[in-house]
Amino acid sequence: MPDLRRGKSYTAAAITAFLLSIQALPSQDYSPDSTGNRQFMFLPPVVAEIDGRKITSEEAIKTLRQKLPVERMAEMPASKVKTLIREDINDSIDRSIIEQKLKATNIRPSPEMVLAEFRRLFSSLTPDKQAFLISELAGKNLTLEQYQVKASKDPQQQFKIAFNKWIEMSFADKLEIQDAEIETYYRKNQGLFAVPATVTISQILIKKSDPKETAKYMDKAETVLSRLRQGEDFGRLAEQFSDCTVSKNRKGVLGTFRADGELPSGVESAAFALQAGEFSGIIDDRIGLFIIKVNARTEPCYLPYESMKEVLRVRLRDDKIRALVEEVLQQERAKMQITINF
């Protein structure tokens, strides 16, 4: 589960998903014997105290069991269980802080809020996208109205919309992203926008099935290579001679690849040394003897700034939201008495 305190960068959508995934720790007690909690005897009876509110090990385990199968928990080392419980406790604290902020700004999650937001978003879609959504819902035996009503009754959806509204009300004057910020980010992070070179290749593979028949395999490969040099079609020769059952049925076409080690090293080196339309000599690999042809290739480049500008505007805005929410959480946590007893 994402945790805003761990210093990771999350988009607004991820932050919202994080908040929606949190469940408050249950308050009811129950017998360790009846729930099989004896295996967690390494936990103290009270795992945490938050402003005087004691969270027992039974409560913490029950919360964890709502997320993980009992069998998986039983296999976990004590250190992992403690880590997960600590995360749950911290998530519960953050959820309570956000809930208090919603109350303080008089934002109350409600079905009406979800319906209004859904209708706003739906009306912003182009007609073809509206039709696509309606079609997708019909495939699930739902009308648009039924879906709206169902979504509006979901407490998680209500909280999500309320949280987004709180962000807009609290930070509206801090979320505008200037073009200069976007361009600076783009220039300083060029590696994020690099598009590597690719080659689309066909192959003829002569497998070396028997170590004693090496000369025979080489003779076969040399015959194929000779016929290619005489102008015969690569695809037809692949269908006739290749031992790769997948590519030979596609006239030898293997696919498109980057120089990332997916191909055998000798094949990769040869492929990126060839131009479109050229074929290689015989490449001797442990798998067999390869002859490849480059059908197409693209050179390395960068995604243009203009094509990324609005994408980056959203990303930088989301980064600001993450930082601002994190700041609020840290400020409020500093006012609380929090003790985790393990």
# chains A, B, ... in the order shown; residues from 1 in each chain; ligands from 1
call {"tool": "select_by_dssp", "arguments": {"residues": "stretch 182-284 of chain A", "states": "alpha helix (DSSP H)", "output": "ChimeraX atom specification"}}
result
/A:182-188,214-229,234-241,245-248,265-273
call {"tool": "residues_around", "arguments": {"residues": "A:Lys248", "least_positions_apart": "4", "cutoff": "12 Å", "atoms": "only C-alpha atoms", "output": "JSON, numbers by chain"}}
result
{"A": [202, 203, 204, 205, 206, 234, 235, 236, 237, 238, 239, 240, 241, 242, 243, 244, 252, 253, 254]}
call {"tool": "write_last_selection", "arguments": {"atoms": "N, CA and C atoms", "output": "compact mmCIF listing (two decimals), in the first residue's frame"}}
result
# COMPACT_ATOMS: atom_id res chain seq x y z
N SER A 202 13.38 -10.60 -39.27
CA SER A 202 12.98 -11.97 -39.60
C SER A 202 14.19 -12.85 -39.38
N GLN A 203 13.95 -14.14 -39.19
CA GLN A 203 15.07 -15.04 -38.95
C GLN A 203 14.87 -16.38 -39.64
N ILE A 204 16.00 -16.99 -39.92
CA ILE A 204 16.03 -18.40 -40.30
C ILE A 204 16.94 -19.07 -39.28
N LEU A 205 16.41 -20.01 -38.54
CA LEU A 205 17.16 -20.68 -37.47
C LEU A 205 17.39 -22.14 -37.83
N ILE A 206 18.64 -22.53 -37.83
CA ILE A 206 19.00 -23.94 -37.99
C ILE A 206 19.45 -24.44 -36.63
N PHE A 234 13.51 -14.17 -48.71
CA PHE A 234 13.84 -14.57 -47.34
C PHE A 234 12.67 -15.32 -46.70
N GLY A 235 11.47 -14.81 -46.87
CA GLY A 235 10.30 -15.42 -46.25
C GLY A 235 10.07 -16.85 -46.72
N ARG A 236 10.24 -17.07 -48.03
CA ARG A 236 10.03 -18.42 -48.54
C ARG A 236 11.10 -19.39 -48.03
N LEU A 237 12.34 -18.91 -47.94
CA LEU A 237 13.40 -19.77 -47.41
C LEU A 237 13.18 -20.06 -45.93
N ALA A 238 12.66 -19.09 -45.20
CA ALA A 238 12.35 -19.31 -43.78
C ALA A 238 11.29 -20.39 -43.63
N GLU A 239 10.25 -20.33 -44.48
CA GLU A 239 9.21 -21.35 -44.43
C GLU A 239 9.76 -22.74 -44.74
N GLN A 240 10.76 -22.78 -45.61
CA GLN A 240 11.29 -24.06 -46.06
C GLN A 240 12.34 -24.64 -45.11
N PHE A 241 13.19 -23.75 -44.53
CA PHE A 241 14.36 -24.26 -43.80
C PHE A 241 14.39 -23.97 -42.30
N SER A 242 13.69 -22.98 -41.83
CA SER A 242 13.84 -22.58 -40.44
C SER A 242 13.28 -23.62 -39.48
N ASP A 243 13.98 -23.79 -38.36
CA ASP A 243 13.53 -24.71 -37.32
C ASP A 243 12.73 -24.00 -36.22
N CYS A 244 12.51 -22.71 -36.38
CA CYS A 244 11.68 -21.96 -35.42
C CYS A 244 10.23 -22.07 -35.87
N GLY A 252 9.14 -16.13 -41.36
CA GLY A 252 10.36 -15.80 -40.64
C GLY A 252 10.29 -14.57 -39.76
N VAL A 253 9.19 -13.81 -39.82
CA VAL A 253 9.10 -12.57 -39.04
C VAL A 253 9.09 -12.90 -37.55
N LEU A 254 10.03 -12.29 -36.83
CA LEU A 254 10.17 -12.58 -35.40
C LEU A 254 9.56 -11.49 -34.53
call {"tool": "atom_distance", "arguments": {"atom1": "atom CA of A:Asn341", "atom2": "atom CA of A:Val70"}}
result
23.6 Å
call {"tool": "residues_around", "arguments": {"residues": "stretch 153-165 of chain A", "least_positions_apart": "3", "cutoff": "7 Å", "atoms": "only C-alpha atoms", "output": "JSON, numbers by chain"}}
result
{"A": [16, 20, 107, 108, 109, 110, 111, 113, 114, 149, 150, 168, 169]}
call {"tool": "select_by_dssp", "arguments": {"residues": "stretch 31-204 of chain A", "states": "strand (DSSP E or B)", "output": "list in words"}}
result
Val46, Val47, Ala48, Glu49, Ile50, Arg53, Lys54, Ile55, Thr56, Ala194, Val195, Thr198, Val199, Thr200, Ile201, Ser202, Gln203 and Ile204 of chain A
call {"tool": "atom_distance", "arguments": {"atom1": "atom CA of A:Leu324", "atom2": "atom CA of A:Thr63"}}
result
28.5 Å
call {"tool": "closest_residue", "arguments": {"among": "A:Asp285, A:Arg53, A:Ser265, A:Val325", "to": "A:Ser170", "atoms": "only C-alpha atoms"}}
result
A:Val325
call {"tool": "residues_around", "arguments": {"residues": "A:Arg187", "least_positions_apart": "3", "cutoff": "12 Å", "atoms": "only C-alpha atoms", "output": "PyMOL selection string"}}
result
chain A and resi 180-184+190-194+302-305+308-309+312
call {"tool": "residues_around", "arguments": {"residues": "A:Ile85", "least_positions_apart": "5", "cutoff": "10 Å", "atoms": "only C-alpha atoms", "output": "compact mmCIF listing (two decimals) with N, CA and C atoms, in the first residue's frame"}}
result
# COMPACT_ATOMS: atom_id res chain seq x y z
N VAL A 47 -0.34 -2.60 20.70
CA VAL A 47 0.68 -2.34 19.68
C VAL A 47 0.95 -0.86 19.47
N ALA A 48 -0.05 -0.01 19.81
CA ALA A 48 0.14 1.42 19.62
C ALA A 48 -0.84 2.21 20.47
N SER A 57 -3.25 -5.74 19.91
CA SER A 57 -2.74 -6.64 18.89
C SER A 57 -3.88 -7.36 18.18
N ALA A 60 -5.23 -5.05 15.54
CA ALA A 60 -4.29 -4.92 14.43
C ALA A 60 -4.30 -6.16 13.54
N ILE A 61 -4.36 -7.34 14.17
CA ILE A 61 -4.36 -8.58 13.40
C ILE A 61 -5.65 -8.71 12.60
N THR A 63 -7.50 -6.33 11.43
CA THR A 63 -7.41 -5.42 10.29
C THR A 63 -6.56 -6.02 9.18
N LEU A 64 -5.45 -6.63 9.56
CA LEU A 64 -4.55 -7.23 8.58
C LEU A 64 -5.23 -8.38 7.86
N LYS A 80 7.96 -9.13 8.96
CA LYS A 80 7.04 -8.69 7.91
C LYS A 80 5.68 -8.32 8.49
N ASN A 90 -0.13 3.69 10.65
CA ASN A 90 0.17 4.99 10.07
C ASN A 90 -0.87 5.43 9.05
N ASP A 91 -1.37 4.47 8.26
CA ASP A 91 -2.42 4.78 7.30
C ASP A 91 -3.70 5.23 8.00
call {"tool": "residues_around", "arguments": {"residues": "A:Pro45", "least_positions_apart": "6", "cutoff": "9 Å", "atoms": "only C-alpha atoms", "output": "list in words"}}
result
Ile55, Thr56, Ser57 and Glu58 of chain A
call {"tool": "closest_residue", "arguments": {"among": "A:Arg250, A:Ala78, A:Asp88, A:Asn141", "to": "A:Glu59", "atoms": "only C-alpha atoms"}}
result
A:Asp88
call {"tool": "closest_residue", "arguments": {"among": "A:Leu133, A:Gly261, A:Glu268, A:Gly288", "to": "A:Lys207", "atoms": "only C-alpha atoms"}}
result
A:Gly288
call {"tool": "closest_residue", "arguments": {"among": "A:Leu121, A:Val199, A:Gln275, A:Gln230", "to": "A:Gly255", "atoms": "only C-alpha atoms"}}
result
A:Val199
call {"tool": "decode", "arguments": {"residues": "stretch 154-167 of chain A", "atoms": "N, CA and C atoms", "output": "short mmCIF file (atom, residue, chain, number, x, y, z; two decimals), in the first residue's frame"}}
result
data_model
loop_
_atom_site.label_atom_id
_atom_site.label_comp_id
_atom_site.auth_asym_id
_atom_site.auth_seq_id
_atom_site.Cartn_x
_atom_site.Cartn_y
_atom_site.Cartn_z
N ASP A 154 -21.41 4.38 -2.99
CA ASP A 154 -20.16 3.80 -2.53
C ASP A 154 -19.42 4.79 -1.62
N PRO A 155 -19.24 4.47 -0.33
CA PRO A 155 -18.54 5.40 0.58
C PRO A 155 -17.14 5.76 0.10
N GLN A 156 -16.47 4.83 -0.54
CA GLN A 156 -15.14 5.11 -1.04
C GLN A 156 -15.17 6.17 -2.14
N GLN A 157 -16.13 6.06 -3.06
CA GLN A 157 -16.28 7.07 -4.10
C GLN A 157 -16.64 8.42 -3.50
N GLN A 158 -17.50 8.41 -2.50
CA GLN A 158 -17.87 9.66 -1.84
C GLN A 158 -16.65 10.32 -1.21
N PHE A 159 -15.84 9.51 -0.54
CA PHE A 159 -14.64 10.06 0.09
C PHE A 159 -13.67 10.59 -0.96
N LYS A 160 -13.54 9.86 -2.07
CA LYS A 160 -12.62 10.27 -3.14
C LYS A 160 -13.00 11.64 -3.68
N ILE A 161 -14.27 11.84 -3.97
CA ILE A 161 -14.70 13.12 -4.53
C ILE A 161 -14.53 14.23 -3.50
N ALA A 162 -14.85 13.93 -2.24
CA ALA A 162 -14.69 14.92 -1.18
C ALA A 162 -13.21 15.30 -1.01
N PHE A 163 -12.35 14.32 -1.06
CA PHE A 163 -10.91 14.58 -0.94
C PHE A 163 -10.42 15.47 -2.07
N ASN A 164 -10.85 15.20 -3.30
CA ASN A 164 -10.46 16.03 -4.43
C ASN A 164 -10.97 17.46 -4.28
N LYS A 165 -12.17 17.59 -3.76
CA LYS A 165 -12.73 18.92 -3.56
C LYS A 165 -11.93 19.67 -2.51
N TRP A 166 -11.52 18.97 -1.45
CA TRP A 166 -10.71 19.61 -0.40
C TRP A 166 -9.37 20.10 -0.97
N ILE A 167 -8.78 19.31 -1.83
CA ILE A 167 -7.52 19.72 -2.47
C ILE A 167 -7.72 21.01 -3.24
#
